[in-house]
Amino acid sequence: MLQSFILIDELQATRSATSSSPHQPNPSSSTEKFLPAEMLKDLGFRVYATAAVKEISFIIPKVDAVLLSVSPSQVESWRTRVSAMKSLPLFWWCDSHTFPSNECVMDAGIDGLIGSTMTPLEVHCALLLGVNHYFQRTEWQQEREQLLSKLEERKWVDQAKRILCEIKGISEAEAYDFLRKQAMNERKRMVDVATSIVKVYQILQDQNQGGRKR
């Protein structure tokens with residue numbers, strides 16, 4: 001359940017200048033009702049607003065989600081910075097300043113959009129869908145990382161088996177059994193034993209090649 005947001009708003013000054021300037025009409029003023037912080041606070045959320053990276057690092061452990069009010073070109077960089085600090089649902093504030101034309105492209109890492117003309121019901125629905133998307137996205141990322149880790153482990157084990165087959169003159173099945181028993185005896189993971197064998201073999205190969213060159 002979302003209760004608090006960190007609002008990263010790079011366009012607050014731009015909005016204020018546009019709305020207060022008598023010489024610069026605001027074409028969207030008749031339809032855009034709320035500013036990001038106002039809308040979230042009216043809906044009962046706690047809002048911590050800042051665009052300073054140092055402040056974000058202190059605030060981010062306290063919040064449940066992030067709302068970016070930045071231009072499309074800045075979304076990816078902010079998403080990367082925030083994700084490096086803490087994994088959180090990430091929403092993008094959409095108005096005439098952040099999304100000035102139909103040619104804008106959304107960042108794929110955004111979990112949802114909140115717009116300045118949305119009703120409270122629409123905002124709550126958008127947040128619910130965004131949180132669900134966040135959980136699906138992070139689950140997929142975890143599965144991907146686990147798969148890549150298993151592939152990396154398999155690579156080391158396969159290399160170690162080939163080395164053992166070459167050195168000991170045994171079959172791949174026997175090499176696998178050797179790795180498994182060695183891991184049990186040393187109380188290590190099989191991939192750790194395999195990695196040690198491969199690295200030692202590579203060191204010996206480099207030494208032998210160095211000796212031949214002399």
# chains A, B, ... in the order shown; residues from 1 in each chain; ligands from 1
$ select_by_dssp --residues "stretch 86-197 of chain A" --states "strand (DSSP E or B)" --output "JSON, numbers by chain"
{"A": [90, 91, 92, 93, 94, 112, 113, 114, 115]}
$ residues_around --residues "A:Leu90" --least-positions-apart "2" --cutoff "6 Å" --atoms "only C-alpha atoms" --output "compact mmCIF listing (two decimals) with N, CA, C and O atoms, in the first residue's frame"
# COMPACT_ATOMS: atom_id res chain seq x y z
N VAL A 66 8.14 6.68 -6.27
CA VAL A 66 8.79 7.86 -6.83
C VAL A 66 7.89 8.44 -7.91
O VAL A 66 7.31 7.72 -8.72
N ILE A 110 9.26 3.02 -16.77
CA ILE A 110 8.22 3.69 -15.99
C ILE A 110 7.09 2.71 -15.71
O ILE A 110 6.64 1.98 -16.59
N ASP A 111 6.60 2.71 -14.46
CA ASP A 111 5.53 1.79 -14.09
C ASP A 111 4.14 2.37 -14.31
O ASP A 111 3.16 1.63 -14.39
$ residues_around --residues "stretch 38-51 of chain A" --least-positions-apart "6" --cutoff "8 Å" --atoms "only C-alpha atoms" --output "number ranges by chain"
A: 2-10, 59, 116, 120
$ write_last_selection --atoms "N, CA, C and O atoms" --output "PDB file, in the first residue's frame"
ATOM      1  N   LEU A   2       0.657   2.116  -0.978  1.00  0.00           N
ATOM      2  CA  LEU A   2       1.460   3.333  -1.060  1.00  0.00           C
ATOM      3  C   LEU A   2       0.969   4.367  -0.048  1.00  0.00           C
ATOM      4  O   LEU A   2      -0.234   4.616   0.070  1.00  0.00           O
ATOM      5  N   GLN A   3       1.924   4.939   0.674  1.00  0.00           N
ATOM      6  CA  GLN A   3       1.588   5.992   1.625  1.00  0.00           C
ATOM      7  C   GLN A   3       2.403   7.261   1.417  1.00  0.00           C
ATOM      8  O   GLN A   3       1.982   8.344   1.804  1.00  0.00           O
ATOM      9  N   SER A   4       3.566   7.128   0.804  1.00  0.00           N
ATOM     10  CA  SER A   4       4.436   8.294   0.664  1.00  0.00           C
ATOM     11  C   SER A   4       5.187   8.256  -0.662  1.00  0.00           C
ATOM     12  O   SER A   4       5.482   7.191  -1.201  1.00  0.00           O
ATOM     13  N   PHE A   5       5.484   9.446  -1.159  1.00  0.00           N
ATOM     14  CA  PHE A   5       6.187   9.613  -2.431  1.00  0.00           C
ATOM     15  C   PHE A   5       7.381  10.531  -2.246  1.00  0.00           C
ATOM     16  O   PHE A   5       7.354  11.446  -1.416  1.00  0.00           O
ATOM     17  N   ILE A   6       8.392  10.292  -3.046  1.00  0.00           N
ATOM     18  CA  ILE A   6       9.411  11.310  -3.244  1.00  0.00           C
ATOM     19  C   ILE A   6       9.131  11.909  -4.621  1.00  0.00           C
ATOM     20  O   ILE A   6       9.008  11.187  -5.621  1.00  0.00           O
ATOM     21  N   LEU A   7       8.954  13.206  -4.656  1.00  0.00           N
ATOM     22  CA  LEU A   7       8.659  13.918  -5.897  1.00  0.00           C
ATOM     23  C   LEU A   7       9.922  14.595  -6.393  1.00  0.00           C
ATOM     24  O   LEU A   7      10.478  15.470  -5.720  1.00  0.00           O
ATOM     25  N   ILE A   8      10.372  14.176  -7.556  1.00  0.00           N
ATOM     26  CA  ILE A   8      11.535  14.791  -8.187  1.00  0.00           C
ATOM     27  C   ILE A   8      11.005  15.713  -9.279  1.00  0.00           C
ATOM     28  O   ILE A   8      10.591  15.253 -10.347  1.00  0.00           O
ATOM     29  N   ASP A   9      10.979  16.996  -8.975  1.00  0.00           N
ATOM     30  CA  ASP A   9      10.335  17.974  -9.853  1.00  0.00           C
ATOM     31  C   ASP A   9      11.366  18.982 -10.357  1.00  0.00           C
ATOM     32  O   ASP A   9      11.797  19.871  -9.633  1.00  0.00           O
ATOM     33  N   GLU A  10      11.759  18.815 -11.617  1.00  0.00           N
ATOM     34  CA  GLU A  10      12.704  19.747 -12.236  1.00  0.00           C
ATOM     35  C   GLU A  10      12.004  20.914 -12.913  1.00  0.00           C
ATOM     36  O   GLU A  10      12.657  21.849 -13.372  1.00  0.00           O
ATOM     37  N   ILE A  59      16.177  10.750   1.756  1.00  0.00           N
ATOM     38  CA  ILE A  59      14.721  10.640   1.791  1.00  0.00           C
ATOM     39  C   ILE A  59      14.226   9.282   1.314  1.00  0.00           C
ATOM     40  O   ILE A  59      13.254   8.734   1.848  1.00  0.00           O
ATOM     41  N   SER A 116      -2.234  15.618 -14.747  1.00  0.00           N
ATOM     42  CA  SER A 116      -2.715  16.773 -13.994  1.00  0.00           C
ATOM     43  C   SER A 116      -4.228  16.945 -14.061  1.00  0.00           C
ATOM     44  O   SER A 116      -4.804  17.683 -13.259  1.00  0.00           O
ATOM     45  N   PRO A 120      -9.507  11.791  -8.668  1.00  0.00           N
ATOM     46  CA  PRO A 120      -8.955  10.930  -7.618  1.00  0.00           C
ATOM     47  C   PRO A 120      -9.099   9.445  -7.911  1.00  0.00           C
ATOM     48  O   PRO A 120      -8.171   8.663  -7.661  1.00  0.00           O
TER      49      PRO A 120
END
$ residues_around --residues "A:Ile197" --least-positions-apart "4" --cutoff "12 Å" --atoms "only C-alpha atoms" --output "MDAnalysis selection string"
chainID A and resid 156:164 167 175 178:179 182:183 190:193 201:204
$ closest_residue --among "A:Thr138, A:Ala52, A:Cys125, A:Ser71" --to "A:Ser87" --atoms "only C-alpha atoms"
A:Thr138
$ closest_residue --among "A:Pro89, A:Arg79, A:Gly109, A:Val198" --to "A:Ala126" --atoms "only C-alpha atoms"
A:Pro89
$ atom_distance --atom1 "atom CA of A:Met118" --atom2 "atom CA of A:Ile60"
25.7 Å
$ closest_residue --among "A:Arg180, A:Ala65, A:Glu174, A:Ser77" --to "A:Gly112" --atoms "only C-alpha atoms"
A:Ala65
$ atom_distance --atom1 "atom CA of A:Ala84" --atom2 "atom CA of A:Tyr134"
15.6 Å
